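S.K.: Take a look at this one; I'll ask things after.
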Amino acid sequence: MALQTLKTLCNYVGNQATAASEEYLEVTSPHDGNTIAMVPLSTAEDVDVAVTSAKAAFGAWSGLTFKARSAYLLKLYVELQAHAEELAELVVLEHGKNMAEARGDVAKGLETLEYALSLPQLTQGRVAYVSNGVQCRDERVALGVVGGIVPFNFPFMVPFWTIPIALGMGNTYVLKPSEKVPMTMTRVAELASQVLPPGVLNIVHGDAKCAQALVEHAGVRAIAFVGTSMVAEQIYKRATELGKRVLALGGAKNHLVALPDCDVEMTAQDVVNSFAGCAGERCMAASVLLVVGEQPELVERIVAKARALEPGSDGARAMGPVIDDAAVTRITLSIARAESEGAELLLDGRSEPSFAERRARGGFWIGPSVIRHTASTDSALHDEIFGPVL
């Protein structure tokens with residue numbers, strides 16, 4: 001299905017596209033830097049409208065049986081699955097993933113929705129007869145409105161880490177997508193409005209101020225956050241002070257270890273897939289490789305395979321752009337700092353010809369880099385660069 005042109009996005013509240021703040025932010029495609037949409041920067045008042053809608057829907061939604069809610073979620077699954085390719089195309093457009101990665105983004109999100117369909121079986125309570133005429137029982141009771149704040153790097157999958165479970169358990173939801181990639185979840189809201197009751201799933205767009213308003217809102221009982229560790233700690237601290245339940249996931253610095261008996265070809269390919277897949281913009285990217293013993297052939301194969309990657313969206317060797325110019329600058333400075341600390345650049349993505357040529361034409365392109373470190377104190381060994389750097 002061809003992509004719809006979304007010029008000016010709206011919040012989605014009560015299954016209706018809802019006008020928000022008059023202040024808007026440009027959404028740019030990482031491929032060429034062109035503006036593809038305008039996203040509203042919602043105010044605290046806009047957030048209140050969304051939370052009020054979710055609260056109004058909570059009574060009826062939580063009053064349904066698990067089986068009845070699961071039936072709604074099955075309809076949502078069918079609707080989203082029917083539009084999976086369209087959603088993947090939106091991910092490519094606004095985020096920059098290659099097509100295979102975008103399809104994987106959607107597929108992994110739908111897996112969680114599939115899992116939620118089993119909640120009627122997975123959440124059965126227990127009864128224990130502890131004494132004559134005395135029994136203990138446990139049961140799961142919906143909280144109310146859940147607020148979700150998600151990052152840019154997986155526009156579909158990360159929101160669906162929590163939305164299906166929260167809805168299946170009887171809660172209603174207000175999601176704030178990343179203002180850098182708002183189009184995918186706006187389309188999801190449009191599709192969801194055809195199968196879910198009004199107010200069960202709401203979308204409110206905005207920046208950090210909008211996220212703060214969602215955390216602070218008295219009508220929100222729980223917060224789910226994914227993003228940087230610093231912000232995760234801030235949100236966890238503030239939300240728990242307000243008596244809310246919180247799931248706050250931060251960043252990571254992941255390490256691989258290559259033993260002397262490793263399969264060189266397989267290991268080299270897996271390492272490149274891990275550090276350069278999704279242009280390195282994922283918390284599970286393995287950005288440090290500890291090579292045990294002298295393994296020059298392995299290092300050479302890693303560099304060769306990384307050098308063979310090409311800028312683009314299609315093909316087995318395609319690597320997409322990073323999200324914006326600020327990301328290019330951050331990654332570039334991290335490489336320069338490693339160089340200044342004495343590390344050796346085996347592959348310098350800043351000057352890789354094909355990526356540099358694409359960047360010169362517009363867009364946020366930077367090639368894969370491989371750095372050989374000589375000291376355990378090198379900053380690149382410790383800092384999450386969030387780019388295609390090993």
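By convention in this document, the chains of the structure tokens carry letters A, B, ... by their order, each chain's residues are numbered from 1, and ligands are numbered from 1 in the order they are shown.
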Write out as JSON lines the residues of range 126-224 of chain A that have any atom within 8 Å of an atom of range 79-84 of chain A, one row each with the nearest atom pair and its distance in Å to one decimal, counting only C-alpha atoms, sorted by chain and then rising number.

M.R.:
{"residue": "A:Val188", "atom": "CA", "partner": "A:Leu80", "partner_atom": "CA", "distance": 7.4}
{"residue": "A:Leu191", "atom": "CA", "partner": "A:Glu79", "partner_atom": "CA", "distance": 6.7}
{"residue": "A:Ala192", "atom": "CA", "partner": "A:Glu79", "partner_atom": "CA", "distance": 7.7}

S.K.: Looking only at strand (DSSP E or B) from DSSP on the backbone, list the matching residues of range 77-282 of chain A as number ranges by chain.

M.R.: A: 126-131, 134-138, 145-149, 172-176, 201-203, 220-226, 245-249, 254-258

S.K.: Would you write out those residues with C-alpha atoms, as an mmCIF file, in the first residue's frame?

M.R.:
data_model
loop_
_atom_site.group_PDB
_atom_site.id
_atom_site.type_symbol
_atom_site.label_atom_id
_atom_site.label_comp_id
_atom_site.auth_asym_id
_atom_site.auth_seq_id
_atom_site.Cartn_x
_atom_site.Cartn_y
_atom_site.Cartn_z
ATOM 1 C CA ARG A 126 -4.589 -18.768 42.673
ATOM 2 C CA VAL A 127 -6.510 -19.851 45.742
ATOM 3 C CA ALA A 128 -4.814 -21.445 48.750
ATOM 4 C CA TYR A 129 -6.812 -22.992 51.597
ATOM 5 C CA VAL A 130 -4.562 -22.186 54.541
ATOM 6 C CA SER A 131 -6.830 -23.214 57.418
ATOM 7 C CA VAL A 134 -9.649 -19.524 55.660
ATOM 8 C CA GLN A 135 -8.362 -19.065 52.168
ATOM 9 C CA CYS A 136 -5.828 -16.802 50.472
ATOM 10 C CA ARG A 137 -6.291 -15.724 46.916
ATOM 11 C CA ASP A 138 -4.418 -13.568 44.451
ATOM 12 C CA VAL A 145 -4.332 5.025 32.955
ATOM 13 C CA VAL A 146 -0.812 4.049 31.855
ATOM 14 C CA GLY A 147 1.441 6.650 30.255
ATOM 15 C CA GLY A 148 4.061 5.573 27.740
ATOM 16 C CA ILE A 149 7.125 7.592 26.662
ATOM 17 C CA THR A 172 -6.104 2.318 29.232
ATOM 18 C CA TYR A 173 -3.139 4.026 27.607
ATOM 19 C CA VAL A 174 -1.751 7.422 26.640
ATOM 20 C CA LEU A 175 1.356 7.205 24.469
ATOM 21 C CA LYS A 176 3.818 9.974 23.680
ATOM 22 C CA LEU A 201 -5.537 3.941 23.267
ATOM 23 C CA ASN A 202 -4.617 7.606 22.905
ATOM 24 C CA ILE A 203 -1.674 9.341 21.221
ATOM 25 C CA VAL A 220 -1.803 8.639 35.308
ATOM 26 C CA ARG A 221 -1.249 5.630 37.560
ATOM 27 C CA ALA A 222 1.807 4.099 35.876
ATOM 28 C CA ILE A 223 4.604 5.218 33.544
ATOM 29 C CA ALA A 224 6.545 3.126 31.035
ATOM 30 C CA PHE A 225 9.694 4.807 29.720
ATOM 31 C CA VAL A 226 12.464 3.764 27.332
ATOM 32 C CA ARG A 245 4.343 2.490 39.257
ATOM 33 C CA VAL A 246 7.281 2.877 36.890
ATOM 34 C CA LEU A 247 9.088 0.840 34.275
ATOM 35 C CA ALA A 248 12.129 2.890 33.218
ATOM 36 C CA LEU A 249 14.609 1.365 30.791
ATOM 37 C CA ASN A 254 27.287 -4.277 25.282
ATOM 38 C CA HIS A 255 30.403 -6.414 24.929
ATOM 39 C CA LEU A 256 31.232 -9.464 22.831
ATOM 40 C CA VAL A 257 34.114 -11.849 23.469
ATOM 41 C CA ALA A 258 35.810 -13.708 20.599
#

S.K.: From the list A:His95, A:Arg301, A:Arg317, A:Arg238, which residue is nearest Ser178 in chain A when using only C-alpha atoms?

M.R.: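 For Ser178 in chain A, the nearest of the candidates is A:His95.
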
S.K.: Give me the residues near range 18-26 of chain A as a ChimeraX atom specification, where near means some atom within 10 Å (using only C-alpha atoms) and where sequence neighbours in that chain fewer than 5 positions away do not count.

M.R.: /A:7-13,34-47,49-50,179-180,203-207

S.K.: Running DSSP on the backbone, which parts of range 258-381 of chain A land in helix (DSSP H, G or I), as a CSV table (one decimal) with C-alpha atoms, in the first residue's frame?

M.R.:
chain,number,residue,atom,x,y,z
A,264,VAL,CA,36.0,-16.5,11.9
A,265,GLU,CA,33.6,-16.0,9.0
A,266,MET,CA,30.5,-16.4,11.1
A,267,THR,CA,31.8,-14.3,14.0
A,268,ALA,CA,32.9,-11.5,11.7
A,269,GLN,CA,29.4,-11.4,10.1
A,270,ASP,CA,27.6,-11.5,13.4
A,271,VAL,CA,29.8,-8.8,14.9
A,272,VAL,CA,29.1,-6.5,11.9
A,273,ASN,CA,25.4,-7.3,12.0
A,274,SER,CA,25.3,-6.3,15.7
A,275,PHE,CA,27.3,-3.1,15.8
A,276,ALA,CA,26.1,-1.7,12.4
A,277,GLY,CA,22.6,-3.1,12.2
A,278,CYS,CA,20.0,-0.3,12.5
A,279,ALA,CA,23.0,2.0,12.1
A,280,GLY,CA,24.0,1.1,15.6
A,296,PRO,CA,44.4,-10.8,13.0
A,297,GLU,CA,42.2,-12.7,10.4
A,298,LEU,CA,39.1,-12.1,12.5
A,299,VAL,CA,39.8,-8.4,12.8
A,300,GLU,CA,40.6,-8.1,9.0
A,301,ARG,CA,37.3,-9.9,8.1
A,302,ILE,CA,35.3,-7.6,10.4
A,303,VAL,CA,36.8,-4.5,8.8
A,304,ALA,CA,36.3,-5.9,5.3
A,305,LYS,CA,32.6,-6.8,5.9
A,306,ALA,CA,32.0,-3.4,7.5
A,307,ARG,CA,33.6,-1.6,4.6
A,325,ASP,CA,22.4,15.9,12.2
A,326,ALA,CA,22.9,16.0,15.9
A,327,ALA,CA,23.5,12.2,15.9
A,328,VAL,CA,26.1,12.6,13.0
A,329,THR,CA,27.9,15.3,15.1
A,330,ARG,CA,27.8,13.2,18.3
A,331,ILE,CA,29.2,10.1,16.5
A,332,THR,CA,31.8,12.1,14.6
A,333,LEU,CA,33.1,13.7,17.9
A,334,SER,CA,33.2,10.3,19.6
A,335,ILE,CA,35.4,9.0,16.8
A,336,ALA,CA,37.6,12.1,17.0
A,337,ARG,CA,38.0,11.8,20.7
A,338,ALA,CA,39.0,8.1,20.4
A,339,GLU,CA,41.6,9.1,17.9
A,340,SER,CA,43.0,11.9,20.2
A,353,PRO,CA,33.3,7.6,0.2
A,354,SER,CA,29.9,6.2,-0.5
A,355,PHE,CA,28.5,7.5,2.8
A,356,ALA,CA,30.2,10.8,2.5
A,357,GLU,CA,28.8,11.3,-1.0
A,358,ARG,CA,25.3,10.6,0.3
A,359,ARG,CA,25.8,13.0,3.2
A,360,ALA,CA,26.9,15.7,0.8
A,379,SER,CA,36.2,6.8,26.4
A,380,ALA,CA,34.7,4.8,23.5
A,381,LEU,CA,34.9,1.7,25.5

S.K.: Go through A:Pro151, A:Gly104, A:Gly170, A:Pro311 and flag the residue nearest Ala116 in chain A, using only C-alpha atoms for the distances.

M.R.: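 Closest to Ala116 in chain A, using only C-alpha atoms: A:Gly170.
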
S.K.: Using CA of Tyr72 in chain A and CA of Pro120 in chain A as the two end points, give the distance in Å to one decimal.

M.R.: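 Distance between the two atoms: 12.7 Å.
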
S.K.: Pick the closest to Gly33 in chain A from A:Val195, A:Val370, A:Ile323, A:Ala68: which is it, counting only C-alpha atoms?

M.R.: A:Ile323

S.K.: Compare A:Leu113, A:Thr184, A:Gly362, A:Pro368 by their minimum atom-to-atom distance to Arg350 in chain A, counting only C-alpha atoms, and give me the closest one.

M.R.: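 The closest residue to Arg350 in chain A is A:Pro368.
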
S.K.: Rank A:Thr52, A:Ser351, A:Thr377, A:Ser70 by their smallest atom-to-atom distance to Tyr115 in chain A, using only C-alpha atoms, and report the top residue only.

M.R.: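 Ranking A:Thr52, A:Ser351, A:Thr377, A:Ser70 by distance to Tyr115 in chain A, first place goes to A:Ser70.
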